[in-house]
>>> print(open('protein-v5.txt').read())   # compact mmCIF, C-alpha atoms
# COMPACT_ATOMS: atom_id res chain seq x y z
CA MET A 296 25.02 51.36 13.68
CA LYS A 297 26.20 47.74 13.81
CA ASN A 298 23.02 46.93 15.72
CA ILE A 299 20.91 48.47 12.98
CA PHE A 300 22.67 46.34 10.34
CA PHE A 301 22.27 43.28 12.56
CA ALA A 302 18.55 43.95 13.08
CA PHE A 303 18.09 44.57 9.35
CA PHE A 304 19.92 41.35 8.54
CA ILE A 305 17.82 39.33 10.98
CA THR A 306 14.60 40.90 9.66
CA MET A 307 15.55 40.11 6.05
CA ALA A 308 16.60 36.57 6.94
CA LEU A 309 13.34 35.95 8.76
CA THR A 310 11.29 37.49 5.96
CA LEU A 311 13.03 35.47 3.29
CA GLY A 312 12.89 32.41 5.50
CA PHE A 313 9.16 32.69 6.00
CA ALA A 314 8.68 33.50 2.34
CA ASN A 315 10.44 30.26 1.60
CA VAL A 316 8.32 28.33 4.08
CA SER A 317 5.07 29.66 2.59
CA LYS A 318 6.12 29.15 -1.03
CA ALA A 319 3.48 28.57 -3.67
CA GLN A 320 2.05 25.09 -3.81
CA SER A 321 3.05 23.18 -6.89
CA GLU A 322 0.80 20.68 -8.64
CA ASP A 323 3.01 17.88 -7.30
CA ASP A 324 2.48 19.17 -3.75
CA LEU A 325 -1.24 19.14 -4.38
CA VAL A 326 -1.13 15.57 -5.67
CA GLU A 327 0.57 14.58 -2.43
CA ILE A 328 -1.99 16.40 -0.29
CA CYS A 329 -4.81 14.98 -2.35
CA GLY A 330 -3.34 11.51 -1.85
CA MET A 331 -3.80 12.02 1.89
CA ILE A 332 -7.43 13.02 1.34
CA ALA A 333 -7.93 9.92 -0.79
CA GLY A 334 -6.80 7.88 2.20
CA ASP A 335 -6.21 4.17 1.86
CA ALA A 336 -7.58 3.84 -1.69
CA THR A 337 -5.20 2.79 -4.46
CA PHE A 338 -3.98 5.67 -6.62
CA LEU A 339 -4.88 5.41 -10.31
CA LYS A 340 -4.60 8.81 -11.98
CA ASP A 341 -4.24 12.48 -11.22
CA PHE A 342 -5.79 15.40 -13.06
CA ARG A 343 -4.22 18.84 -12.86
CA ILE A 344 -6.55 21.80 -13.19
CA ARG A 345 -5.49 25.39 -13.77
CA LEU A 346 -8.12 27.85 -14.91
CA ASP A 347 -8.40 31.61 -15.26
CA ALA A 348 -11.36 33.62 -14.01
CA GLY A 349 -14.34 33.68 -16.33
CA ASP A 350 -18.06 34.07 -16.73
CA PRO A 351 -19.42 31.52 -17.36
CA PRO A 352 -16.83 29.60 -15.34
CA PRO A 353 -14.28 27.96 -17.66
CA ILE A 354 -14.24 24.17 -17.61
CA GLN A 355 -11.31 21.77 -17.86
CA ARG A 356 -12.35 18.43 -19.19
CA PHE A 357 -10.80 14.95 -19.06
CA SER A 358 -12.07 11.58 -20.08
CA VAL A 359 -11.44 8.36 -18.30
CA ILE A 360 -12.40 4.71 -18.56
CA LEU A 361 -14.23 3.37 -15.54
CA ARG A 362 -14.86 -0.32 -15.12
CA LYS A 363 -17.82 -2.32 -13.95
CA GLY A 364 -17.52 -3.78 -10.49
CA ILE A 365 -15.17 -1.17 -9.05
CA LYS A 366 -15.86 1.43 -6.38
CA TYR A 367 -13.81 4.51 -7.24
CA ARG A 368 -12.95 7.51 -5.13
CA PHE A 369 -12.61 10.98 -6.62
CA SER A 370 -10.75 13.43 -4.42
CA VAL A 371 -10.11 17.10 -5.05
CA CYS A 372 -7.64 19.49 -3.53
CA ASN A 373 -7.40 23.27 -4.02
CA SER A 374 -4.26 25.38 -4.01
CA LYS A 375 -4.22 27.82 -1.12
CA ASP A 376 -2.65 30.39 -3.44
CA TYR A 377 -5.87 30.90 -5.42
CA GLU A 378 -9.41 31.86 -4.51
CA GLY A 379 -11.11 29.22 -6.62
CA LYS A 380 -12.80 26.21 -5.05
CA VAL A 381 -12.85 23.37 -7.51
CA VAL A 382 -15.97 21.40 -8.40
CA LEU A 383 -15.73 17.99 -10.04
CA GLN A 384 -18.56 16.58 -12.10
CA LEU A 385 -18.66 13.07 -13.52
CA LEU A 386 -20.69 12.75 -16.69
CA ASP A 387 -21.66 10.08 -19.15
CA ASN A 388 -22.47 11.86 -22.41
CA ASN A 389 -25.04 14.36 -21.17
CA ARG A 390 -25.95 12.78 -17.85
CA LEU A 391 -24.55 14.12 -14.60
CA LEU A 392 -23.66 11.03 -12.59
CA ALA A 393 -21.80 12.43 -9.59
CA THR A 394 -20.39 15.69 -8.24
CA THR A 395 -18.31 16.98 -5.35
CA TYR A 396 -20.59 20.02 -4.88
CA ILE A 397 -24.27 19.64 -4.08
CA VAL A 398 -25.88 22.93 -5.14
CA ALA A 399 -29.12 22.30 -3.18
CA THR A 400 -27.31 22.10 0.17
CA GLY A 401 -24.23 24.11 -0.73
CA THR A 402 -22.10 21.23 0.52
CA ASP A 403 -18.61 20.68 -0.82
CA TYR A 404 -17.09 17.20 -0.50
CA PRO A 405 -13.31 16.80 -0.67
CA SER A 406 -13.93 13.26 -1.92
CA ILE A 407 -16.83 11.25 -3.26
CA GLU A 408 -17.21 7.60 -4.16
CA TYR A 409 -18.69 6.09 -7.27
CA VAL A 410 -19.81 2.50 -7.75
CA CYS A 411 -19.46 1.72 -11.44
CA THR A 412 -21.75 -0.83 -13.09
CA ARG A 413 -20.86 -0.20 -16.71
CA THR A 414 -17.39 -0.27 -18.28
CA GLY A 415 -16.88 2.65 -20.61
CA ALA A 416 -15.63 6.16 -21.21
CA TYR A 417 -16.77 8.86 -18.81
CA HIS A 418 -16.05 12.58 -18.66
CA LEU A 419 -14.69 14.59 -15.78
CA PHE A 420 -15.54 18.28 -15.82
CA PHE A 421 -13.68 20.55 -13.45
CA ASN A 422 -14.54 24.21 -12.83
CA PHE A 423 -13.99 26.71 -10.06
CA ARG A 424 -17.07 27.98 -8.24
CA ASP A 425 -18.26 31.44 -9.29
CA GLY A 426 -15.71 31.46 -12.10
CA LYS A 427 -12.84 32.39 -9.82
CA PRO A 428 -9.28 31.60 -10.93
CA GLY A 429 -7.85 28.47 -9.42
CA LEU A 430 -5.32 25.70 -9.29
CA ALA A 431 -6.40 22.26 -8.14
CA VAL A 432 -5.75 18.58 -8.45
CA GLY A 433 -8.22 15.76 -8.80
CA LEU A 434 -7.31 12.21 -7.91
CA LEU A 435 -8.92 9.01 -9.08
CA SER A 436 -8.35 6.03 -6.85
CA LEU A 437 -9.67 2.53 -6.43
CA VAL A 438 -11.46 1.75 -3.18
CA GLU A 439 -12.56 -1.86 -3.69
CA THR A 440 -14.13 -4.30 -6.10
CA MET A 441 -17.83 -5.01 -5.68
CA MET B 12 -17.74 12.18 -26.51
CA HIS B 13 -19.55 12.12 -29.86
CA LYS B 14 -17.79 15.32 -30.90
CA ASN B 15 -14.44 13.80 -30.00
CA LEU B 16 -15.19 10.60 -31.84
CA ILE B 17 -16.23 12.53 -34.92
CA PHE B 18 -13.06 14.61 -34.66
CA ILE B 19 -10.85 11.55 -34.28
CA ILE B 20 -12.57 9.70 -37.10
CA SER B 21 -12.30 12.80 -39.32
CA ILE B 22 -8.58 13.04 -38.60
CA ALA B 23 -8.14 9.32 -39.29
CA LEU B 24 -10.06 9.58 -42.57
CA LEU B 25 -8.18 12.71 -43.56
CA THR B 26 -4.87 10.99 -42.86
CA THR B 27 -5.83 7.93 -44.88
CA SER B 28 -7.31 9.75 -47.83
CA SER B 29 -4.55 12.36 -48.06
CA CYS B 30 -1.81 9.70 -47.92
CA ARG B 31 -3.50 7.70 -50.68
CA PHE B 32 -3.80 10.77 -52.86
CA PHE B 33 -0.15 11.71 -52.60
CA ASP B 34 1.08 8.13 -52.86
CA SER B 35 -0.70 7.49 -56.12
CA ASN B 36 -0.17 10.90 -57.70
CA ARG B 37 3.04 12.13 -56.19
CA ASN B 38 4.71 13.32 -59.40
CA MET B 39 1.62 14.94 -60.80
CA SER B 40 0.96 16.72 -57.52
CA ARG B 41 4.48 18.10 -57.35
CA GLU B 42 4.22 19.48 -60.85
CA GLU B 43 0.74 20.92 -60.68
CA PHE B 44 0.79 22.34 -57.18
CA ASP B 45 3.40 24.14 -55.18
CA ILE B 46 3.53 21.68 -52.26
CA PRO B 47 6.27 22.04 -49.62
CA ASP B 48 8.48 18.94 -49.34
CA GLU B 49 7.65 18.44 -45.67
CA LEU B 50 4.02 17.80 -46.62
CA LEU B 51 5.14 14.97 -48.87
CA ASP B 52 6.90 13.13 -46.06
CA GLU B 53 5.79 9.66 -45.10
CA LYS B 54 4.78 10.89 -41.66
CA PRO B 55 1.03 10.96 -41.02
CA LEU B 56 -0.97 14.00 -40.00
CA GLU B 57 -0.40 14.34 -36.30
CA ILE B 58 -3.26 14.11 -33.86
CA ALA B 59 -3.08 16.99 -31.37
CA SER B 60 -1.30 16.01 -28.16
CA GLU B 61 -4.44 16.95 -26.17
CA VAL B 62 -6.40 14.38 -28.16
CA ILE B 63 -3.67 11.79 -27.65
CA ASP B 64 -3.72 12.56 -23.91
CA GLU B 65 -7.42 12.01 -23.80
CA MET B 66 -7.21 8.81 -25.79
CA ILE B 67 -4.47 7.43 -23.57
CA GLN B 68 -6.68 8.09 -20.55
CA ASN B 69 -9.21 5.87 -22.29
CA VAL B 70 -7.02 2.80 -22.12
CA SER B 71 -7.62 1.57 -18.61
CA SER B 72 -5.05 0.87 -15.94
CA PRO B 73 -3.64 -2.63 -15.27
CA VAL B 74 -4.21 -2.07 -11.58
CA GLU B 75 -7.96 -2.21 -12.15
CA THR B 76 -7.68 -5.53 -14.02
CA ALA B 77 -5.54 -6.95 -11.20
CA ALA B 78 -8.01 -5.67 -8.60
CA LEU B 79 -10.95 -7.21 -10.44
CA ILE B 80 -9.14 -10.56 -10.65
CA LYS B 81 -8.20 -10.45 -6.98
CA GLY B 82 -11.78 -9.44 -6.15
CA LEU B 83 -12.95 -12.75 -7.64
CA ASN B 84 -10.87 -14.52 -4.97
CA ILE B 85 -8.56 -15.92 -7.60
CA PRO B 86 -5.18 -16.63 -6.01
CA PHE B 87 -1.94 -15.09 -7.22
CA ASN B 88 -0.18 -17.13 -9.88
CA ARG B 89 3.40 -16.34 -10.78
CA ASP B 90 3.01 -18.15 -14.11
CA TYR B 91 0.58 -15.50 -15.33
CA ILE B 92 3.27 -12.82 -15.48
CA ALA B 93 6.33 -12.53 -17.68
CA PRO B 94 9.54 -14.06 -16.27
CA THR B 95 12.10 -11.32 -15.80
CA GLN B 96 14.82 -13.12 -17.77
CA LEU B 97 12.83 -12.59 -20.98
CA ASP B 98 13.95 -8.96 -21.03
CA LYS B 99 17.12 -10.22 -22.73
CA ASN B 100 15.01 -10.84 -25.85
CA LEU B 101 14.08 -7.17 -26.00
CA ASN B 102 16.71 -5.22 -27.92
CA THR B 103 15.17 -2.52 -30.11
CA SER B 104 13.48 0.63 -28.80
CA PHE B 105 10.11 -0.81 -29.81
CA GLN B 106 10.80 -4.07 -27.96
CA LYS B 107 12.02 -2.24 -24.86
CA ALA B 108 8.92 -0.01 -24.87
CA ILE B 109 6.53 -2.93 -25.31
CA GLY B 110 8.47 -4.74 -22.57
CA LEU B 111 8.09 -1.73 -20.28
CA GLY B 112 4.34 -1.97 -20.76
CA ILE B 113 4.23 -5.74 -20.26
CA TYR B 114 6.39 -5.69 -17.13
CA GLY B 115 4.57 -2.57 -15.90
CA ALA B 116 1.27 -4.45 -16.05
CA GLY B 117 2.91 -7.39 -14.29
CA LEU B 118 4.14 -5.02 -11.58
CA GLY B 119 0.55 -3.80 -11.10
CA TYR B 120 -0.55 -7.43 -10.64
CA ILE B 121 2.28 -8.16 -8.20
CA ASN B 122 1.61 -4.98 -6.24
CA MET B 123 -2.11 -5.73 -6.01
CA TYR B 124 -1.33 -9.11 -4.44
CA GLU B 125 1.41 -7.53 -2.30
CA ARG B 126 4.07 -10.03 -3.44
CA THR B 127 6.96 -7.81 -2.43
CA SER B 128 9.52 -10.58 -2.88
CA LEU B 129 8.92 -10.42 -6.64
CA VAL B 130 8.82 -6.64 -6.84
CA ILE B 131 12.57 -6.09 -6.71
CA ASN B 132 13.32 -8.32 -9.71
CA TYR B 133 10.50 -6.72 -11.61
CA ILE B 134 11.52 -3.13 -10.93
CA THR B 135 15.13 -4.02 -11.81
CA THR B 136 13.94 -5.31 -15.19
CA ILE B 137 11.73 -2.27 -15.70
CA LYS B 138 14.60 0.07 -14.85
CA THR B 139 16.88 -1.70 -17.37
CA LEU B 140 14.26 -1.43 -20.10
CA ALA B 141 13.54 2.21 -19.20
CA ASP B 142 17.26 3.03 -19.36
CA GLY B 143 17.33 1.40 -22.79
CA ILE B 144 15.02 4.08 -24.14
CA GLN B 145 16.57 6.87 -22.03
CA VAL B 146 13.70 7.27 -19.59
CA GLY B 147 15.22 5.44 -16.62
CA GLN B 148 15.67 8.72 -14.75
CA PHE B 149 11.90 8.95 -14.30
CA PHE B 150 11.67 5.60 -12.63
CA ASP B 151 12.18 6.15 -8.91
CA PHE B 152 14.11 2.92 -8.55
CA SER B 153 15.75 3.59 -5.18
CA THR B 154 12.50 4.54 -3.43
CA LEU B 155 10.63 1.60 -4.94
CA ASN B 156 13.46 -0.71 -3.98
CA ARG B 157 13.44 0.58 -0.41
CA ILE B 158 9.68 0.26 -0.04
CA ALA B 159 9.69 -3.26 -1.45
CA THR B 160 12.71 -4.40 0.59
CA ASN B 161 11.38 -3.04 3.87
CA LYS B 162 7.76 -3.95 3.08
CA GLU B 163 6.84 -0.35 3.82
CA ASN B 164 3.55 1.23 2.78
CA LEU B 165 2.38 -0.74 -0.26
CA ASP B 166 0.05 2.07 -1.31
CA SER B 167 3.18 4.16 -1.82
CA LEU B 168 4.61 1.40 -3.99
CA MET B 169 1.57 1.58 -6.19
CA LEU B 170 1.54 5.38 -6.23
CA ILE B 171 5.21 5.71 -7.16
CA SER B 172 4.97 2.97 -9.81
CA GLN B 173 2.02 4.72 -11.42
CA GLN B 174 3.62 8.16 -11.19
CA SER B 175 6.86 6.86 -12.71
CA PHE B 176 4.93 5.56 -15.71
CA ASN B 177 3.04 8.84 -16.02
CA ARG B 178 6.33 10.79 -16.04
CA ILE B 179 7.84 8.47 -18.65
CA ASP B 180 4.76 8.94 -20.81
CA ASN B 181 4.97 12.74 -20.53
CA TYR B 182 8.70 12.81 -21.28
CA LEU B 183 8.45 10.57 -24.34
CA ARG B 184 5.81 12.82 -25.79
CA GLU B 185 7.77 15.97 -24.94
CA THR B 186 10.85 14.56 -26.67
CA ASN B 187 9.03 13.68 -29.88
CA ARG B 188 8.93 9.96 -29.26
CA PRO B 189 5.18 9.65 -28.76
CA GLN B 190 5.08 6.34 -30.63
CA LEU B 191 7.07 4.73 -27.81
CA SER B 192 4.59 6.08 -25.31
CA ILE B 193 1.73 4.47 -27.23
CA VAL B 194 3.71 1.23 -27.53
CA ILE B 195 4.09 1.18 -23.72
CA VAL B 196 0.34 1.68 -23.39
CA ALA B 197 -0.21 -1.17 -25.86
CA GLY B 198 2.13 -3.41 -23.83
CA ILE B 199 0.21 -2.62 -20.63
CA TRP B 200 -3.11 -3.35 -22.32
CA ILE B 201 -1.94 -6.60 -23.92
CA GLU B 202 -0.45 -7.94 -20.68
CA GLY B 203 -3.54 -6.99 -18.66
CA LEU B 204 -5.66 -8.88 -21.17
CA TYR B 205 -3.17 -11.77 -21.28
CA ILE B 206 -3.36 -12.20 -17.50
CA SER B 207 -7.18 -12.15 -17.77
CA THR B 208 -7.11 -14.86 -20.43
CA ARG B 209 -4.87 -17.06 -18.29
CA VAL B 210 -7.25 -16.60 -15.37
CA ALA B 211 -10.22 -17.39 -17.64
CA GLN B 212 -8.65 -20.69 -18.66
CA ASP B 213 -8.01 -21.71 -15.05
CA ALA B 214 -10.97 -20.25 -13.19
CA ARG B 215 -13.89 -20.66 -15.62
CA ASN B 216 -15.62 -17.70 -14.00
CA PRO B 217 -18.28 -15.87 -16.07
CA ARG B 218 -17.16 -12.50 -14.68
CA ILE B 219 -13.63 -12.95 -16.01
CA ASN B 220 -15.10 -13.77 -19.42
CA GLU B 221 -17.03 -10.52 -19.18
CA ILE B 222 -13.82 -8.65 -18.27
CA ILE B 223 -12.23 -10.03 -21.45
CA GLY B 224 -15.28 -9.15 -23.57
CA GLU B 225 -15.57 -5.58 -22.32
CA GLN B 226 -12.02 -4.87 -23.48
CA LYS B 227 -13.59 -4.33 -26.88
CA VAL B 228 -14.37 -0.81 -25.64
CA THR B 229 -10.74 0.08 -24.99
CA MET B 230 -9.31 -1.86 -27.90
CA ASN B 231 -10.92 0.50 -30.40
CA THR B 232 -9.20 3.49 -28.76
CA LEU B 233 -5.88 1.68 -28.64
CA MET B 234 -6.10 0.87 -32.34
CA LEU B 235 -6.72 4.53 -33.19
CA LEU B 236 -3.64 5.46 -31.19
CA LEU B 237 -1.46 2.80 -32.83
CA ASN B 238 -2.67 3.66 -36.32
CA ASN B 239 -1.38 7.18 -35.86
CA TYR B 240 2.16 5.73 -35.82
CA LYS B 241 1.87 3.02 -38.45
CA TYR B 242 4.73 4.62 -40.42
CA ASP B 243 6.96 2.83 -37.90
CA ALA B 244 7.51 -0.71 -39.22
CA SER B 245 7.41 -2.32 -35.77
CA VAL B 246 4.17 -0.53 -34.89
CA ALA B 247 2.74 -1.54 -38.27
CA ALA B 248 3.54 -5.20 -37.53
CA LEU B 249 1.85 -4.94 -34.14
CA ILE B 250 -1.19 -3.31 -35.78
CA LYS B 251 -1.45 -6.24 -38.20
CA ASP B 252 -1.61 -8.70 -35.29
CA MET B 253 -3.98 -6.51 -33.35
CA GLU B 254 -6.30 -6.13 -36.32
CA GLU B 255 -6.80 -9.89 -36.28
CA LEU B 256 -7.77 -9.62 -32.62
CA GLN B 257 -10.04 -6.66 -33.39
CA GLU B 258 -11.73 -8.79 -36.04
CA LEU B 259 -12.51 -11.42 -33.39
CA TYR B 260 -13.89 -8.72 -31.12
CA ARG B 261 -16.39 -7.79 -33.84
CA ASP B 262 -18.33 -10.88 -32.77
CA VAL B 263 -18.60 -9.50 -29.24
CA ARG B 264 -21.72 -7.41 -28.76
CA ILE B 265 -22.25 -5.20 -25.74
CA THR B 266 -25.71 -3.93 -24.81
CA TYR B 267 -26.62 -1.42 -22.12
CA GLU B 268 -29.63 -0.46 -20.06
CA TYR B 269 -29.50 2.92 -18.45
CA GLY B 270 -30.78 3.78 -14.98
CA ASP B 271 -30.54 6.89 -12.82
CA PRO B 272 -27.71 6.94 -10.28
CA VAL B 273 -28.60 7.12 -6.59
CA SER B 274 -26.56 8.97 -3.97
CA VAL B 275 -26.23 7.98 -0.34
CA GLU B 276 -24.33 9.81 2.39
CA LYS B 277 -23.03 7.59 5.15
CA ASP B 278 -20.54 8.59 7.85
CA GLY B 279 -19.80 11.77 5.93
CA VAL B 280 -18.92 9.88 2.74
CA LEU B 281 -21.07 10.66 -0.28
CA THR B 282 -21.41 7.61 -2.53
CA PHE B 283 -23.05 7.55 -5.94
CA GLN B 284 -24.37 4.18 -7.03
CA GLN B 285 -24.66 3.81 -10.79
CA ASN B 286 -27.71 1.89 -11.96
CA ASP B 287 -26.78 1.10 -15.55
CA THR B 288 -26.40 -2.50 -16.62
CA GLN B 289 -24.20 -3.95 -19.32
CA THR B 290 -24.52 -7.32 -21.00
CA ILE B 291 -21.69 -8.90 -22.96
CA HIS B 292 -22.83 -11.20 -25.73
CA MET B 293 -19.91 -13.48 -26.60
CA SER B 294 -19.98 -17.12 -27.63
CA ASP B 295 -17.62 -19.65 -26.04
CA GLU B 296 -16.06 -20.15 -29.46
CA THR B 297 -15.31 -16.42 -29.82
CA LEU B 298 -13.89 -16.35 -26.30
CA GLU B 299 -11.59 -19.27 -27.08
CA LYS B 300 -10.39 -17.58 -30.27
CA ILE B 301 -9.75 -14.31 -28.42
CA ILE B 302 -7.83 -16.13 -25.69
CA GLU B 303 -5.70 -17.93 -28.27
CA LYS B 304 -4.98 -14.76 -30.24
CA VAL B 305 -4.12 -12.65 -27.18
CA GLN B 306 -1.70 -15.27 -25.91
CA SER B 307 -0.12 -15.61 -29.33
CA ILE B 308 0.39 -11.83 -29.66
CA ARG B 309 1.82 -11.47 -26.16
CA ASN B 310 4.13 -14.46 -26.42
CA GLY B 311 5.29 -13.27 -29.84
CA LEU B 312 6.20 -9.88 -28.41
CA LEU B 313 8.26 -11.48 -25.67
CA GLN B 314 9.62 -14.09 -28.09
CA VAL B 315 8.55 -16.86 -25.71
>>> encode(input="protein-v5.txt", output="structure tokens")
Amino acid sequence: MKNIFFAFFITMALTLGFANVSKAQSEDDLVEICGMIAGDATFLKDFRIRLDAGDPPPIQRFSVILRKGIKYRFSVCNSKDYEGKVVLQLLDNNRLLATTYIVATGTDYPSIEYVCTRTGAYHLFFNFRDGKPGLAVGLLSLVETM
Amino acid sequence: MHKNLIFIISIALLTTSSCRFFDSNRNMSREEFDIPDELLDEKPLEIASEVIDEMIQNVSSPVETAALIKGLNIPFNRDYIAPTQLDKNLNTSFQKAIGLGIYGAGLGYINMYERTSLVINYITTIKTLADGIQVGQFFDFSTLNRIATNKENLDSLMLISQQSFNRIDNYLRETNRPQLSIVIVAGIWIEGLYISTRVAQDARNPRINEIIGEQKVTMNTLMLLLNNYKYDASVAALIKDMEELQELYRDVRITYEYGDPVSVEKDGVLTFQQNDTQTIHMSDETLEKIIEKVQSIRNGLLQV
């Protein structure tokens, strides 16, 4: 009987232990992971994206000032706890200037770079592919001046 | 963008027109309409926090200014940044918040040039000012101190500095002190521009003049933010000074030519090259006046 209790105790401890190890990723965790993806670029801002499922896919929007003469890096990082794969689009009014997902090739880039030649306000649109629910972080960092 | 601008302008107009109406007809309005007292307060109509968030994002980071200056091969100059002993002149919440912004921008400049020997004094001053408005707990002083002392990863120094400021900003807005958050942003913007003007005087580089001229774009956003809190006497005084600067910026004209961006993938890195061009039209006389005004505002804030 004692053995049964002992086995039960060990099983529970291991289960709870593992549950603790594989705890949900917080937005701060994602910022840290995304920082690794961004590599040696200088951190500027983070954008936290949390969207429900939807058709058409819901969009979370931010605006940001980019400055002439700077090469920026946009990095994205998805939470493993959700299905959604985030797509970042950089727009200037109605023009799509850059994206992390190239529809034609189906290629997803964890980070892209953007060489800015005009100081001004730009828009960042984030959505999750196929309208799946998701949690993600986008990071804006400075690579170099041109 | 246009929708947002229209929304912001509508809110600003609404705020102005409604305040004028109630100021000039307060007694009549009370008698003729059943208006709750809270609507007659001096406080302005509040802009939604989401809009404020977005507008704050539109005032660029001091790190970018420092990077642009460094990119022009202009050497580090300690005289460009505020001496740490000036923090003793900053006593009110407004002064501490503006100081946080000014020293925060200076920290960005120091970090960019990797002058770790100056970092410790700067973060000590920033911590003192942050404590003065009860946000010191968000400034990761011990980690920053350790990184600076041991000359550890300087990217981490930059990351933690930026994140500390982001947390302070969030907390101030959560605790109904958003005006201090905007004042910090104003301090960062003014000091970034101040450093640029000092560089412009010493380096005589056309690109630095352009960097000063293009701040017209962000100044308009900053003024909208400040005007939302003009009920605060200190903010109102800053607005008055800034309006004189804004008036000078009216003589700066920026024109654009738009081109299609081009993407190139190299070594697995996808890079988009923008092909727009911007031209800043600013006379030497206007530049001189802007330089003089910026330095006067900044030195006035620090009581130099």
>>> residues_around(input="protein-v5.txt", residues="Asp347 in chain A", least_positions_apart="6", cutoff="9 Å", atoms="all atoms listed in the file", output="ChimeraX atom specification")
/A:353,426-430
>>> residues_around(input="protein-v5.txt", residues="range 199-210 of chain B", least_positions_apart="4", cutoff="8 Å", atoms="all atoms listed in the file", output="list in words")
Val70, Ser71, Ser72, Pro73, Thr76, Ala77, Ile80, Ile85, Tyr91, Ile92, Ile109, Leu111, Gly112, Ile113, Tyr114, Gly115, Ala116, Gly117, Ile195, Ala214, Arg215, Ile219, Ile222, Ile223, Gln226, Ile302, Val305, Gln306 and Arg309 of chain B
>>> residues_around(input="protein-v5.txt", residues="Cys329 in chain A", least_positions_apart="6", cutoff="10 Å", atoms="only C-alpha atoms", output="VMD selection string")
chain A and resid 323 341 369 to 373 405 to 406 431 to 435
>>> interface_residues(input="protein-v5.txt", of="chain A", to="chain B", cutoff="8 Å", atoms="all atoms listed in the file", output="count of residues only")
33
>>> atom_distance(input="protein-v5.txt", atom1="CA of Lys363 in chain A", atom2="CA of Leu419 in chain A")
17.3 Å
>>> atom_distance(input="protein-v5.txt", atom1="CA of Gly143 in chain B", atom2="CA of Ser104 in chain B")
7.2 Å
>>> residues_around(input="protein-v5.txt", residues="Ala248 in chain B", least_positions_apart="3", cutoff="12 Å", atoms="all atoms listed in the file", output="PDB file with C-alpha atoms, in the coordinates of the input")
ATOM      1  CA  PHE B 105      10.110  -0.810 -29.810  1.00  0.00           C
ATOM      2  CA  VAL B 194       3.710   1.230 -27.530  1.00  0.00           C
ATOM      3  CA  LEU B 237      -1.460   2.800 -32.830  1.00  0.00           C
ATOM      4  CA  ASN B 238      -2.670   3.660 -36.320  1.00  0.00           C
ATOM      5  CA  TYR B 240       2.160   5.730 -35.820  1.00  0.00           C
ATOM      6  CA  LYS B 241       1.870   3.020 -38.450  1.00  0.00           C
ATOM      7  CA  TYR B 242       4.730   4.620 -40.420  1.00  0.00           C
ATOM      8  CA  ASP B 243       6.960   2.830 -37.900  1.00  0.00           C
ATOM      9  CA  ALA B 244       7.510  -0.710 -39.220  1.00  0.00           C
ATOM     10  CA  SER B 245       7.410  -2.320 -35.770  1.00  0.00           C
ATOM     11  CA  LYS B 251      -1.450  -6.240 -38.200  1.00  0.00           C
ATOM     12  CA  ASP B 252      -1.610  -8.700 -35.290  1.00  0.00           C
ATOM     13  CA  MET B 253      -3.980  -6.510 -33.350  1.00  0.00           C
ATOM     14  CA  GLU B 254      -6.300  -6.130 -36.320  1.00  0.00           C
ATOM     15  CA  GLU B 255      -6.800  -9.890 -36.280  1.00  0.00           C
ATOM     16  CA  ILE B 308       0.390 -11.830 -29.660  1.00  0.00           C
ATOM     17  CA  GLY B 311       5.290 -13.270 -29.840  1.00  0.00           C
ATOM     18  CA  LEU B 312       6.200  -9.880 -28.410  1.00  0.00           C
TER      19      LEU B 312
END
>>> axis_aligned_box(input="protein-v5.txt", around="range 393-411 of chain A", padding_each_side="4 Å", output="lines of an AutoDock Vina configuration file")
center_x = -21.2
center_y = 12.9
center_z = -5.5
size_x = 23.8
size_y = 30.4
size_z = 20.0
>>> atom_distance(input="protein-v5.txt", atom1="CA of Asp262 in chain B", atom2="CA of Ile250 in chain B")
19.0 Å
